[in-house]
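Shown below: input.cif, with mmCIF, C-alpha atoms.
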data_upload
#
loop_
_atom_site.label_atom_id
_atom_site.label_comp_id
_atom_site.auth_asym_id
_atom_site.auth_seq_id
_atom_site.Cartn_x
_atom_site.Cartn_y
_atom_site.Cartn_z
CA MET A 1 11.46 97.37 -11.19
CA ILE A 2 13.61 97.28 -14.14
CA ARG A 3 16.78 95.41 -14.12
CA ILE A 4 19.49 95.84 -16.58
CA VAL A 5 21.25 92.67 -17.51
CA THR A 6 24.75 92.89 -18.72
CA HIS A 7 26.40 90.68 -21.21
CA THR A 8 28.49 89.02 -18.54
CA ARG A 9 25.44 88.42 -16.43
CA LEU A 10 23.57 86.98 -19.41
CA ALA A 11 26.49 84.69 -20.20
CA ALA A 12 26.58 83.55 -16.57
CA LEU A 13 22.82 82.89 -16.62
CA LYS A 14 23.16 80.93 -19.88
CA GLN A 15 26.01 78.99 -18.33
CA ASP A 16 23.89 78.27 -15.23
CA ALA A 17 20.93 77.19 -17.40
CA LYS A 18 23.21 74.92 -19.42
CA GLY A 19 24.61 73.38 -16.21
CA THR A 20 21.11 73.00 -14.81
CA ARG A 21 19.93 71.26 -18.02
CA GLU A 22 22.93 68.95 -17.82
CA ARG A 23 22.21 68.26 -14.22
CA ALA A 24 18.53 67.63 -15.06
CA ARG A 25 19.62 65.18 -17.82
CA GLU A 26 21.90 63.38 -15.37
CA VAL A 27 19.16 63.20 -12.74
CA GLN A 28 16.67 62.05 -15.41
CA GLY A 29 19.13 59.35 -16.58
CA ALA A 30 19.66 58.21 -13.01
CA ALA A 31 15.87 58.17 -12.46
CA ASP A 32 15.39 56.20 -15.73
CA ARG A 33 18.06 53.71 -14.69
CA ALA A 34 16.49 53.38 -11.24
CA TYR A 35 13.03 52.93 -12.79
CA ALA A 36 14.37 50.33 -15.25
CA GLY A 37 16.07 48.52 -12.35
CA HIS A 38 12.81 48.69 -10.41
CA LEU A 39 10.90 47.25 -13.40
CA ARG A 40 13.46 44.45 -13.79
CA THR A 41 13.16 43.68 -10.08
CA VAL A 42 9.33 43.67 -10.27
CA TYR A 43 9.49 41.43 -13.37
CA ASP A 44 11.93 39.04 -11.67
CA LEU A 45 9.86 38.97 -8.46
CA THR A 46 6.66 38.36 -10.46
CA ALA A 47 8.34 35.49 -12.36
CA ASP A 48 9.64 34.06 -9.07
CA ALA A 49 6.16 34.33 -7.50
CA GLU A 50 4.55 32.59 -10.50
CA ALA A 51 7.19 29.85 -10.39
CA ALA A 52 6.60 29.46 -6.65
CA GLU A 53 2.83 29.21 -7.27
CA HIS A 54 3.39 26.52 -9.93
CA ALA A 55 5.76 24.66 -7.61
CA ALA A 56 3.26 24.91 -4.74
CA GLU A 57 0.46 23.59 -7.00
CA ALA A 58 2.68 20.70 -8.11
CA ALA A 59 3.57 20.01 -4.47
CA ARG A 60 -0.14 20.02 -3.52
CA ALA A 61 -0.87 17.56 -6.35
CA ASP A 62 2.03 15.35 -5.24
CA ALA A 63 0.84 15.55 -1.65
CA ALA A 64 -2.66 14.46 -2.72
CA ILE A 65 -1.18 11.49 -4.60
CA VAL A 66 1.03 10.56 -1.64
CA ARG A 67 -1.97 10.91 0.71
CA GLU A 68 -4.02 8.57 -1.51
CA ILE A 69 -1.18 6.04 -1.69
CA LEU A 70 -0.73 6.26 2.08
CA GLU A 71 -4.44 5.66 2.67
CA ARG A 72 -4.39 2.63 0.36
CA THR A 73 -1.23 1.35 2.06
CA GLU A 74 -2.80 1.82 5.50
CA ALA A 75 -5.88 -0.14 4.35
CA GLN A 76 -3.65 -2.90 2.98
CA LEU A 77 -1.66 -2.91 6.21
CA ALA A 78 -4.85 -3.20 8.26
CA ASN A 79 -6.00 -6.10 6.05
CA ALA A 80 -2.59 -7.75 6.35
CA ARG A 81 -2.63 -7.36 10.13
CA ALA A 82 -6.12 -8.86 10.30
CA THR A 83 -5.02 -11.73 8.06
CA VAL A 84 -1.90 -12.32 10.15
CA THR A 85 -3.98 -12.27 13.33
CA GLU A 86 -6.45 -14.77 11.82
CA GLN A 87 -3.67 -17.00 10.55
CA ALA A 88 -1.82 -16.85 13.87
CA ALA A 89 -5.00 -17.87 15.69
CA ARG A 90 -5.60 -20.65 13.16
CA ILE A 91 -1.98 -21.85 13.42
CA GLU A 92 -2.25 -21.82 17.20
CA ALA A 93 -5.51 -23.76 17.05
CA LEU A 94 -4.08 -26.26 14.58
CA SER A 95 -0.79 -26.57 16.46
CA ALA A 96 -2.46 -27.29 19.76
CA ARG A 97 -2.17 -30.89 20.89
CA PRO A 98 -5.50 -32.61 20.41
CA PRO A 99 -7.26 -33.53 23.64
CA ALA A 100 -7.27 -37.16 24.72
CA ASP A 101 -9.59 -39.28 22.63
CA ALA A 102 -10.20 -36.45 20.15
CA SER A 103 -11.86 -37.80 17.04
CA MET A 104 -10.27 -36.74 13.77
CA ALA A 105 -10.73 -37.67 10.13
CA LEU A 106 -8.08 -38.94 7.71
CA LEU A 107 -8.80 -38.10 4.10
CA LEU A 108 -7.51 -40.77 1.69
CA TYR A 109 -7.11 -40.20 -2.04
CA TYR A 110 -7.15 -43.51 -3.92
CA GLY A 111 -6.05 -45.24 -0.73
CA LYS A 112 -3.14 -42.90 0.02
CA PRO A 113 -3.24 -40.49 3.00
CA HIS A 114 -3.97 -36.98 1.79
CA SER A 115 -4.74 -34.85 4.87
CA ILE A 116 -5.97 -34.97 8.48
CA HIS A 117 -8.95 -32.85 9.58
CA PRO A 118 -10.53 -32.10 12.95
CA ASP A 119 -13.81 -33.80 11.98
CA ARG A 120 -15.68 -35.44 9.11
CA SER A 121 -17.46 -32.28 8.01
CA ALA A 122 -14.13 -30.43 7.68
CA ALA A 123 -12.71 -33.33 5.66
CA TYR A 124 -15.78 -33.37 3.39
CA ALA A 125 -15.60 -29.60 2.91
CA TYR A 126 -11.89 -29.77 2.08
CA ALA A 127 -12.44 -32.63 -0.37
CA ALA A 128 -15.21 -30.59 -2.00
CA THR A 129 -12.72 -27.79 -2.69
CA LEU A 130 -10.63 -30.37 -4.53
CA GLY A 131 -13.52 -31.51 -6.72
CA ALA A 132 -15.09 -34.27 -4.64
CA SER A 133 -18.84 -34.49 -4.42
CA SER A 134 -20.21 -32.78 -1.34
CA SER A 135 -22.80 -35.55 -0.97
CA GLY A 136 -22.74 -39.25 -1.60
CA TRP A 137 -20.10 -40.20 0.94
CA VAL A 138 -20.70 -43.81 1.94
CA PRO A 139 -18.86 -46.20 4.24
CA VAL A 140 -15.93 -47.98 2.61
CA GLY A 141 -17.43 -51.41 3.10
CA GLU A 142 -15.80 -54.35 1.36
CA ARG A 143 -14.12 -52.36 -1.43
CA PRO A 144 -10.42 -51.56 -1.01
CA ALA A 145 -9.69 -47.89 -0.34
CA ALA A 146 -7.35 -47.80 -3.36
CA GLU A 147 -10.35 -48.27 -5.67
CA LEU A 148 -12.18 -45.25 -4.27
CA ARG A 149 -11.25 -41.69 -5.22
CA TRP A 150 -11.92 -40.15 -1.79
CA VAL A 151 -12.33 -41.96 1.52
CA CYS A 152 -12.80 -40.39 4.95
CA ALA A 153 -11.52 -42.61 7.76
CA PRO A 154 -12.14 -41.62 11.40
CA PHE A 155 -9.22 -41.69 13.85
CA ILE A 156 -8.83 -41.02 17.56
CA TYR A 157 -5.79 -39.45 19.14
CA ASP A 158 -4.42 -41.58 21.96
CA ALA A 159 -2.72 -39.07 24.27
CA ALA A 160 -1.22 -41.78 26.51
CA ARG A 161 0.70 -43.27 23.61
CA ASP A 162 0.96 -40.06 21.58
CA HIS A 163 -0.37 -41.57 18.38
CA PHE A 164 -3.56 -41.93 16.36
CA ARG A 165 -5.57 -45.11 16.16
CA SER A 166 -8.34 -46.07 13.80
CA VAL A 167 -11.91 -46.02 14.99
CA VAL A 168 -12.95 -48.53 12.34
CA ALA A 169 -11.91 -52.06 13.16
CA PRO A 170 -10.38 -53.88 10.22
CA ALA A 171 -12.36 -56.68 8.67
CA VAL A 172 -10.18 -59.60 9.79
CA GLU A 173 -11.37 -63.15 9.67
CA PRO A 174 -10.74 -65.15 12.82
CA LEU A 175 -7.91 -67.66 12.76
CA GLY A 176 -8.84 -71.18 11.88
CA GLY A 177 -12.20 -70.15 10.40
CA ALA A 178 -13.96 -70.14 13.80
CA ALA A 179 -16.73 -67.70 14.11
#
Encoded form (structure tokens):
Amino acid sequence: MIRIVTHTRLAALKQDAKGTRERAREVQGAADRAYAGHLRTVYDLTADAEAAEHAAEAARADAAIVREILERTEAQLANARATVTEQAARIEALSARPPADASMALLLYYGKPHSIHPDRSAAYAYAATLGASSSGWVPVGERPAAELRWVCAPFIYDAARDHFRSVVAPAVEPLGGAA
């Protein structure tokens, strides 16, 4: 089939082609703008995801540090509780009223009272921590206590009178020289 195209028809076709090209350019521009917007969105989302990953890694590192500090603090707390429990038991034991006729030891330093201990061995051990010899303790004898560096004098608690009394009788000469 042969079709004869007139000048008017050709002008109309050219006009339609021109309009279609314009429309194609508009659609292509809109598609380019949409693609550019999509790329910007992908870029922004990728940057946000990377920042979130870095923040999460930093948070994990901080959490590990906090966990380590918490574990150390819990260990210190457990030690402190054990120490407090020990000290409370020791305070209770030391605060308890001694039983009637309980023997105790008075530690003298150059004749002056230094401390009271539940027994001689505790007094000797305490004096050893202060530099006294752990052996060589001898009875006071005739020498005054003020001349000796450390002296351990036994005492008994008298519950009836609520006081301590010496176990060692003082060396007192009888009156009038009678023996």
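Here the PyMOL selection byres ((chain A and resi 109) around 12) captures the residues Leu106, Leu107, Leu108, Tyr110, Gly111, Lys112, Pro113, His114, Ser115, Ile116, Ala123, Ala127, Leu130, Gly131, Ala132, Pro144, Ala145, Ala146, Glu147, Leu148, Arg149, Trp150, Val151, Cys152 and Ala153 of chain A.
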- To one decimal place, how far is atom CA of A:Ala36 from atom CA of A:Lys18 in Å?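 Separation of atom CA of A:Ala36 and atom CA of A:Lys18: 26.5 Å.
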- Computed interatomic separation between atom CA of A:Asp158 and atom CA of A:Ala105 (Å):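 Pair atom CA of A:Asp158 / atom CA of A:Ala105 returns 14.0 Å.
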- Task: Can you work out the spacing between atom CA of A:Val84 and atom CA of A:Arg120 in Å, to one decimal?
- Result: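 If I compute the distance from atom CA of A:Val84 to atom CA of A:Arg120, I get 26.9 Å.
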- Message: What would the selection look like, as a VMD selection string, if the PyMOL selection byres ((chain A and resi 103) around 8) were run on the coordinates I just shared?
- Response: chain A and resid 101 to 102 104 to 105 118 to 119 154 to 157
Box in all listed atoms of stretch 78-88 of chain A, axis-aligned, with 8 Å more on each side; write out centre and edge lengths in Å to one decimal as lines of an AutoDock Vina configuration file.
center_x = -4.1
center_y = -10.1
center_z = 10.0
size_x = 20.6
size_y = 29.8
size_z = 23.8
